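Chemist: As input, take run.cif (mmCIF, C-alpha atoms):
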data_coords
#
loop_
_atom_site.label_atom_id
_atom_site.label_comp_id
_atom_site.auth_asym_id
_atom_site.auth_seq_id
_atom_site.Cartn_x
_atom_site.Cartn_y
_atom_site.Cartn_z
CA MET E 1 104.55 116.90 122.44
CA SER E 2 104.09 113.37 123.77
CA THR E 3 107.13 111.25 124.53
CA GLN E 4 108.09 108.98 121.63
CA ARG E 5 108.09 105.27 122.45
CA ILE E 6 110.63 102.73 121.23
CA LEU E 7 110.11 98.97 121.49
CA VAL E 8 113.32 96.94 121.95
CA VAL E 9 112.91 93.28 120.93
CA ASP E 10 115.96 91.23 121.99
CA ASP E 11 116.37 87.97 123.90
CA GLU E 12 119.46 89.19 125.80
CA PRO E 13 118.48 91.08 129.00
CA LYS E 14 121.84 92.87 129.20
CA ILE E 15 121.41 94.30 125.71
CA ARG E 16 117.87 95.44 126.48
CA MET E 17 119.04 97.06 129.72
CA THR E 18 121.95 98.89 128.04
CA VAL E 19 119.86 100.10 125.10
CA ARG E 20 117.08 101.17 127.47
CA GLY E 21 119.52 103.30 129.46
CA TYR E 22 120.75 105.25 126.43
CA LEU E 23 117.31 105.67 124.88
CA GLU E 24 115.76 106.85 128.14
CA ALA E 25 118.66 109.28 128.58
CA ASP E 26 117.70 110.69 125.18
CA GLY E 27 114.14 111.24 126.38
CA PHE E 28 112.41 108.20 124.85
CA GLU E 29 109.99 105.90 126.61
CA VAL E 30 111.24 102.31 126.19
CA LEU E 31 109.20 99.12 125.93
CA GLU E 32 110.77 95.64 125.92
CA ALA E 33 110.02 92.21 124.46
CA PRO E 34 112.23 89.09 124.79
CA ASP E 35 111.16 87.13 121.70
CA GLY E 36 109.49 87.32 118.31
CA PRO E 37 105.87 86.52 119.26
CA SER E 38 105.82 88.93 122.20
CA GLY E 39 107.45 91.58 120.02
CA LEU E 40 104.69 91.25 117.44
CA ALA E 41 102.05 91.43 120.16
CA SER E 42 103.67 94.57 121.61
CA VAL E 43 103.71 96.29 118.22
CA ALA E 44 99.99 95.63 117.80
CA ARG E 45 99.08 96.56 121.38
CA GLU E 46 101.41 99.47 122.11
CA GLN E 47 101.85 100.99 118.62
CA PRO E 48 105.39 102.26 119.28
CA ASP E 49 107.01 105.04 117.25
CA LEU E 50 110.04 102.86 116.40
CA VAL E 51 111.12 99.24 116.85
CA VAL E 52 114.65 98.01 117.55
CA LEU E 53 114.53 94.38 116.42
CA ASP E 54 117.14 91.65 116.91
CA VAL E 55 117.48 89.22 113.99
CA MET E 56 118.29 86.10 116.05
CA LEU E 57 115.19 85.72 118.20
CA PRO E 58 113.47 82.69 119.75
CA GLY E 59 109.98 81.84 118.54
CA LEU E 60 110.19 83.86 115.31
CA ASP E 61 113.37 85.32 113.86
CA GLY E 62 113.62 89.04 113.30
CA PHE E 63 113.14 88.85 109.53
CA GLU E 64 109.84 87.01 109.95
CA VAL E 65 108.73 89.44 112.66
CA LEU E 66 109.56 92.33 110.33
CA ARG E 67 107.60 90.82 107.45
CA ARG E 68 104.56 90.37 109.68
CA ILE E 69 104.85 93.91 111.05
CA ARG E 70 104.86 95.26 107.51
CA VAL E 71 101.51 93.62 106.75
CA THR E 72 99.76 96.16 108.96
CA SER E 73 102.27 98.85 109.96
CA GLN E 74 104.93 101.16 108.53
CA VAL E 75 106.53 101.81 111.93
CA PRO E 76 110.28 102.44 111.46
CA VAL E 77 112.42 99.40 112.29
CA ILE E 78 116.14 99.15 113.09
CA LEU E 79 117.54 95.62 112.83
CA LEU E 80 120.18 94.35 115.27
CA THR E 81 122.23 91.61 113.67
CA ALA E 82 125.40 89.64 114.35
CA ARG E 83 125.31 88.49 110.74
CA THR E 84 127.57 90.52 108.46
CA GLU E 85 126.87 88.92 105.08
CA GLU E 86 125.48 91.35 102.51
CA VAL E 87 122.62 88.98 101.69
CA ASP E 88 121.21 89.32 105.20
CA ARG E 89 121.35 93.10 104.99
CA VAL E 90 119.59 93.11 101.63
CA ILE E 91 116.91 90.68 102.84
CA GLY E 92 116.32 92.88 105.87
CA PHE E 93 115.92 96.09 103.91
CA THR E 94 113.78 94.43 101.25
CA ALA E 95 111.50 93.18 104.01
CA GLY E 96 111.04 96.78 105.11
CA SER E 97 113.64 97.78 107.71
CA ASP E 98 114.89 101.37 107.86
CA ASP E 99 118.40 100.71 109.18
CA TYR E 100 120.57 98.00 110.69
CA VAL E 101 123.25 97.86 113.36
CA THR E 102 125.79 95.04 113.44
CA LYS E 103 126.71 93.53 116.82
CA PRO E 104 128.80 94.37 118.75
CA PHE E 105 127.46 97.91 118.56
CA SER E 106 127.55 101.22 120.39
CA ALA E 107 124.30 101.82 122.27
CA ARG E 108 124.98 105.55 121.92
CA GLU E 109 125.22 105.20 118.14
CA LEU E 110 121.98 103.24 118.14
CA ALA E 111 120.26 106.05 120.06
CA LEU E 112 121.53 108.59 117.52
CA ARG E 113 120.25 106.48 114.63
CA ALA E 114 116.86 106.17 116.29
CA ARG E 115 116.70 109.94 116.75
CA ALA E 116 117.64 110.51 113.09
CA ILE E 117 115.01 108.11 111.77
CA LEU E 118 112.26 109.60 113.93
CA ARG E 119 113.30 113.12 112.92
CA ARG E 120 112.71 112.37 109.25
CA ALA E 121 109.46 110.48 109.95
CA ASP E 122 107.40 113.46 108.78
CA GLY E 123 109.18 113.36 105.42
CA PRO E 124 110.59 116.20 103.32
CA ASP E 125 109.09 119.67 103.32
CA PRO E 126 105.73 119.60 101.54
CA ALA E 127 105.27 120.90 98.03
CA PRO E 128 102.91 123.86 97.54
CA GLU E 129 99.42 122.90 98.69
CA GLY E 130 97.34 121.13 96.05
CA ARG E 131 100.23 120.79 93.63
CA THR E 132 100.27 117.30 92.18
CA LEU E 133 103.50 116.47 90.39
CA ARG E 134 102.56 115.06 86.99
CA PHE E 135 104.95 113.20 84.74
CA GLU E 136 104.57 110.96 81.72
CA GLY E 137 103.23 107.75 83.26
CA LEU E 138 103.19 108.96 86.86
CA ALA E 139 101.31 111.37 89.14
CA ILE E 140 102.52 112.16 92.68
CA ASP E 141 100.31 113.93 95.22
CA PRO E 142 102.55 115.22 98.05
CA ASP E 143 99.61 116.19 100.30
CA ALA E 144 97.77 112.88 100.09
CA ARG E 145 101.11 111.02 99.78
CA THR E 146 99.77 108.93 96.90
CA VAL E 147 101.32 107.80 93.65
CA VAL E 148 99.30 106.80 90.59
CA ALA E 149 100.86 105.11 87.56
CA GLU E 150 99.44 104.41 84.12
CA ALA E 151 95.91 103.04 83.81
CA GLY E 152 95.11 104.49 87.22
CA ARG E 153 97.18 101.93 89.14
CA THR E 154 97.89 103.04 92.70
CA VAL E 155 101.53 102.48 93.60
CA GLU E 156 101.95 101.13 97.14
CA LEU E 157 105.01 102.67 98.79
CA SER E 158 106.40 102.68 102.30
CA ALA E 159 106.70 106.11 103.93
CA LEU E 160 110.45 106.09 103.40
CA ASP E 161 110.23 105.08 99.73
CA PHE E 162 107.64 107.82 99.12
CA ASP E 163 110.00 110.37 100.68
CA LEU E 164 112.83 109.11 98.49
CA LEU E 165 110.67 109.41 95.37
CA MET E 166 109.62 112.94 96.33
CA VAL E 167 113.21 114.13 96.69
CA LEU E 168 114.07 112.80 93.23
CA ALA E 169 110.85 113.94 91.53
CA ARG E 170 111.11 117.51 92.80
CA ALA E 171 114.33 117.93 90.81
CA PRO E 172 113.99 115.98 87.53
CA GLY E 173 117.35 115.41 85.87
CA ARG E 174 119.38 116.41 88.92
CA VAL E 175 121.97 113.86 89.96
CA PHE E 176 121.85 112.98 93.66
CA THR E 177 124.71 111.19 95.37
CA ARG E 178 123.85 108.48 97.89
CA ARG E 179 125.04 110.79 100.65
CA GLY E 180 122.87 113.58 99.31
CA LEU E 181 119.79 111.36 99.31
CA ILE E 182 120.56 110.21 102.84
CA ASP E 183 120.82 113.83 103.99
CA HIS E 184 117.42 114.65 102.43
CA VAL E 185 115.51 111.51 103.45
CA TRP E 186 117.19 109.93 106.48
CA GLY E 187 118.70 113.12 107.90
CA ARG E 188 122.21 114.56 108.21
CA ASP E 189 122.92 112.69 111.43
CA PHE E 190 122.30 109.27 109.86
CA PHE E 191 125.22 106.94 110.65
CA GLY E 192 124.24 103.88 108.61
CA ASP E 193 125.69 102.25 105.52
CA GLU E 194 125.14 104.38 102.40
CA ARG E 195 124.18 101.21 100.50
CA VAL E 196 120.80 101.44 102.19
CA VAL E 197 119.98 103.87 99.37
CA ASP E 198 120.65 101.20 96.71
CA VAL E 199 118.31 98.75 98.39
CA HIS E 200 115.49 101.28 98.71
CA ILE E 201 115.96 102.36 95.09
CA ARG E 202 115.42 98.71 94.13
CA THR E 203 112.20 98.48 96.14
CA LEU E 204 111.04 101.81 94.70
CA ARG E 205 111.70 100.66 91.15
CA ARG E 206 109.90 97.40 91.79
CA ALA E 207 106.83 99.24 93.07
CA LEU E 208 106.85 101.61 90.08
CA GLY E 209 107.29 98.75 87.60
CA ASP E 210 110.56 100.31 86.50
CA ASP E 211 113.26 98.27 84.73
CA ALA E 212 116.74 98.97 86.08
CA ASN E 213 118.24 98.09 82.67
CA ALA E 214 115.93 100.50 80.81
CA PRO E 215 114.45 102.81 83.49
CA ARG E 216 111.65 105.28 82.81
CA PHE E 217 111.57 106.92 86.22
CA VAL E 218 114.73 106.40 88.30
CA GLY E 219 118.06 106.24 86.51
CA THR E 220 121.45 105.19 87.84
CA VAL E 221 124.45 107.48 87.33
CA ARG E 222 127.34 105.05 87.56
CA ALA E 223 129.72 105.58 90.47
CA ILE E 224 127.77 108.67 91.58
CA GLY E 225 124.11 108.07 92.44
CA TYR E 226 120.63 108.47 90.97
CA ARG E 227 118.37 110.91 89.12
CA PHE E 228 114.70 111.18 88.16
CA LEU E 229 114.16 110.62 84.43
CA ALA E 230 110.45 111.09 83.72
CA ARG E 231 109.41 114.14 81.73
CA PRO E 232 106.71 116.47 83.08
CA ALA E 233 103.31 115.71 81.55
CA GLY E 234 102.27 118.11 78.81
#
Rewrite the coordinates I just gave you, this time as structure tokens.
Modeler:
Amino acid sequence: MSTQRILVVDDEPKIRMTVRGYLEADGFEVLEAPDGPSGLASVAREQPDLVVLDVMLPGLDGFEVLRRIRVTSQVPVILLTARTEEVDRVIGFTAGSDDYVTKPFSARELALRARAILRRADGPDPAPEGRTLRFEGLAIDPDARTVVAEAGRTVELSALDFDLLMVLARAPGRVFTRRGLIDHVWGRDFFGDERVVDVHIRTLRRALGDDANAPRFVGTVRAIGYRFLARPAG
């Protein structure tokens, strides 16, 4: 198996050096970039397996870099941020990040989060070969990793959102806690904020055309978590 490569984009050399040390100790190959434009260029040129991306960068801030990465790539991204306001976290996840770490942070914890995200990169265990999950208004092909809604509309989902949908759709009606969904999708050694589930549920609903106030596909179970609502197609 080839060594997985992680790109660290941060304008502080000491942070890059510290993070590099822990990631290399965990067996990763580490690439570095000191600003937004060079980070974007490195993603395109090197095609890393994961990106650690600082929010406060010269040239382009981390949110803009993330948005541009998502135009062409679904590479997992962990945001580094000194901002603690909820709005920044939500903006980051909506733009397509997989996790965030608030400065000051433990480089060891960051390495563990990177390992957890890469471990779940292949997604949940596949359904039986050729078995498309068909529901009223929705068809999910686990082998092709495609989702088709009514009128033949293809639903564009990130790899993580597809995995989240698969976990829910394989057990219609079952109530999943946030922690349970994290264990299935992100992995049991995920150390992030459980509210990441709420943000990805919002992006999933938006892609499906689902109304949170009157959902057809993903329902909220207040104070507990979420469940899949759609009925199997006749």
Chemist: Translate the PyMOL selection byres ((chain E and resi 19-33) around 7) into a concrete residue list for this structure, as number ranges by chain.
Modeler: E: 3-10, 15-18, 34-35, 38-39, 107-108, 111
Chemist: Report the residues retrieved by the PyMOL selection byres ((chain E and resi 224-228) around 10) from the displayed file, expressed as a VMD selection string.
Modeler: chain E and resid 165 to 181 197 to 198 201 215 to 223 229 to 231
Chemist: To one decimal place, how far is CA of Arg134 in chain E from CA of Val199 in chain E in Å?
Modeler: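 Those two atoms sit 25.4 Å apart.
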Chemist: Quick one: residues within 12 Å of range 72-76 of chain E, all atoms listed in the file counted, chain neighbours fewer than 3 positions away excluded, as a PyMOL selection string?
Modeler: chain E and resi 5-7+40+43-44+46-53+65-69+79+93+95-100+113-122+156-162+186
Chemist: Using C-alpha atoms, can you write the selected residues to a file as an mmCIF file, in the frame of the given file?
Modeler:
data_model
loop_
_atom_site.group_PDB
_atom_site.id
_atom_site.type_symbol
_atom_site.label_atom_id
_atom_site.label_comp_id
_atom_site.auth_asym_id
_atom_site.auth_seq_id
_atom_site.Cartn_x
_atom_site.Cartn_y
_atom_site.Cartn_z
ATOM 1 C CA ARG E 5 108.090 105.270 122.450
ATOM 2 C CA ILE E 6 110.630 102.730 121.230
ATOM 3 C CA LEU E 7 110.110 98.970 121.490
ATOM 4 C CA LEU E 40 104.690 91.250 117.440
ATOM 5 C CA VAL E 43 103.710 96.290 118.220
ATOM 6 C CA ALA E 44 99.990 95.630 117.800
ATOM 7 C CA GLU E 46 101.410 99.470 122.110
ATOM 8 C CA GLN E 47 101.850 100.990 118.620
ATOM 9 C CA PRO E 48 105.390 102.260 119.280
ATOM 10 C CA ASP E 49 107.010 105.040 117.250
ATOM 11 C CA LEU E 50 110.040 102.860 116.400
ATOM 12 C CA VAL E 51 111.120 99.240 116.850
ATOM 13 C CA VAL E 52 114.650 98.010 117.550
ATOM 14 C CA LEU E 53 114.530 94.380 116.420
ATOM 15 C CA VAL E 65 108.730 89.440 112.660
ATOM 16 C CA LEU E 66 109.560 92.330 110.330
ATOM 17 C CA ARG E 67 107.600 90.820 107.450
ATOM 18 C CA ARG E 68 104.560 90.370 109.680
ATOM 19 C CA ILE E 69 104.850 93.910 111.050
ATOM 20 C CA LEU E 79 117.540 95.620 112.830
ATOM 21 C CA PHE E 93 115.920 96.090 103.910
ATOM 22 C CA ALA E 95 111.500 93.180 104.010
ATOM 23 C CA GLY E 96 111.040 96.780 105.110
ATOM 24 C CA SER E 97 113.640 97.780 107.710
ATOM 25 C CA ASP E 98 114.890 101.370 107.860
ATOM 26 C CA ASP E 99 118.400 100.710 109.180
ATOM 27 C CA TYR E 100 120.570 98.000 110.690
ATOM 28 C CA ARG E 113 120.250 106.480 114.630
ATOM 29 C CA ALA E 114 116.860 106.170 116.290
ATOM 30 C CA ARG E 115 116.700 109.940 116.750
ATOM 31 C CA ALA E 116 117.640 110.510 113.090
ATOM 32 C CA ILE E 117 115.010 108.110 111.770
ATOM 33 C CA LEU E 118 112.260 109.600 113.930
ATOM 34 C CA ARG E 119 113.300 113.120 112.920
ATOM 35 C CA ARG E 120 112.710 112.370 109.250
ATOM 36 C CA ALA E 121 109.460 110.480 109.950
ATOM 37 C CA ASP E 122 107.400 113.460 108.780
ATOM 38 C CA GLU E 156 101.950 101.130 97.140
ATOM 39 C CA LEU E 157 105.010 102.670 98.790
ATOM 40 C CA SER E 158 106.400 102.680 102.300
ATOM 41 C CA ALA E 159 106.700 106.110 103.930
ATOM 42 C CA LEU E 160 110.450 106.090 103.400
ATOM 43 C CA ASP E 161 110.230 105.080 99.730
ATOM 44 C CA PHE E 162 107.640 107.820 99.120
ATOM 45 C CA TRP E 186 117.190 109.930 106.480
#
Chemist: Figure out the distance between CA of Ala212 in chain E and CA of Leu138 in chain E, please, to one decimal in Å.
Modeler: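 About the pair CA of Leu138 in chain E and CA of Ala212 in chain E: they are 16.9 Å apart.
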Chemist: Mind pulling up the distance from CA of Gly187 in chain E to CA of Ile78 in chain E?
Modeler: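 Interatomic distance, CA of Ile78 in chain E to CA of Gly187 in chain E: 15.1 Å.
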Chemist: Applied to the shown file, which residues does the PyMOL selection byres ((chain E and resi 103) around 8) return, written as a VMD selection string?
Modeler: chain E and resid 80 to 82 101 to 102 104 to 105
Chemist: In terms of the shortest atom-to-atom distance over only C-alpha atoms, which of E:Pro13, E:Ser42, E:Leu110, E:Pro232 is closest to Thr132 in chain E?
Modeler: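 Going through E:Pro13, E:Ser42, E:Leu110, E:Pro232 one by one, the smallest distance to Thr132 in chain E is for E:Pro232.
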Chemist: Between E:Arg131, E:Asp163, E:Val71, E:Val155, which has the minimum distance to Arg206 in chain E (counting all atoms listed in the file)?
Modeler: E:Val155
Chemist: I need the residue nearest Phe135 in chain E from this list: E:Leu60, E:Val147, E:Phe190, E:Leu204. Use all atoms listed in the file for the distance.
Modeler: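 Among the listed residues, E:Val147 lies closest to Phe135 in chain E.
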Chemist: Given the choices E:Met56, E:Ala151, E:Ala41, E:Leu112, which gets closest to Asp88 in chain E if the distance is worked out from all atoms listed in the file?
Modeler: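 Nearest candidate to Asp88 in chain E out of E:Met56, E:Ala151, E:Ala41, E:Leu112: E:Met56.
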Chemist: Any chance you could build range 211-223 of chain E out to N, CA, C and O atoms and write it as a CSV table (one decimal), in the frame of the given file?
Modeler:
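Saved the output as rebuild-v2.csv:
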chain,number,residue,atom,x,y,z
E,211,ASP,N,112.2,99.2,85.1
E,211,ASP,CA,113.3,98.3,84.7
E,211,ASP,C,114.6,98.9,84.9
E,211,ASP,O,114.9,99.9,84.3
E,212,ALA,N,115.4,98.4,85.8
E,212,ALA,CA,116.7,99.0,86.1
E,212,ALA,C,117.6,99.0,84.8
E,212,ALA,O,118.5,99.9,84.7
E,213,ASN,N,117.4,98.1,83.9
E,213,ASN,CA,118.2,98.1,82.7
E,213,ASN,C,117.8,99.1,81.6
E,213,ASN,O,118.5,99.5,80.8
E,214,ALA,N,116.5,99.5,81.7
E,214,ALA,CA,115.9,100.5,80.8
E,214,ALA,C,114.9,101.3,81.6
E,214,ALA,O,113.7,101.3,81.3
E,215,PRO,N,115.4,102.1,82.6
E,215,PRO,CA,114.4,102.8,83.5
E,215,PRO,C,113.7,104.0,82.8
E,215,PRO,O,114.2,104.7,82.0
E,216,ARG,N,112.5,104.1,83.2
E,216,ARG,CA,111.6,105.3,82.8
E,216,ARG,C,111.6,106.4,83.9
E,216,ARG,O,111.4,107.5,83.5
E,217,PHE,N,111.8,106.0,85.1
E,217,PHE,CA,111.6,106.9,86.2
E,217,PHE,C,112.8,107.2,87.0
E,217,PHE,O,113.2,108.4,87.2
E,218,VAL,N,113.5,106.2,87.5
E,218,VAL,CA,114.7,106.4,88.3
E,218,VAL,C,115.9,105.8,87.6
E,218,VAL,O,116.0,104.6,87.4
E,219,GLY,N,116.9,106.7,87.2
E,219,GLY,CA,118.1,106.2,86.5
E,219,GLY,C,119.3,106.2,87.4
E,219,GLY,O,119.4,107.0,88.4
E,220,THR,N,120.2,105.3,87.1
E,220,THR,CA,121.4,105.2,87.8
E,220,THR,C,122.5,106.0,87.1
E,220,THR,O,122.7,105.9,85.9
E,221,VAL,N,123.3,106.8,87.9
E,221,VAL,CA,124.4,107.5,87.3
E,221,VAL,C,125.7,106.8,87.9
E,221,VAL,O,126.0,106.9,89.1
E,222,ARG,N,126.3,106.0,87.1
E,222,ARG,CA,127.3,105.0,87.6
E,222,ARG,C,128.4,105.8,88.4
E,222,ARG,O,128.9,106.8,88.0
E,223,ALA,N,128.7,105.1,89.5
E,223,ALA,CA,129.7,105.6,90.5
E,223,ALA,C,129.4,106.9,91.2
E,223,ALA,O,130.2,107.4,91.9
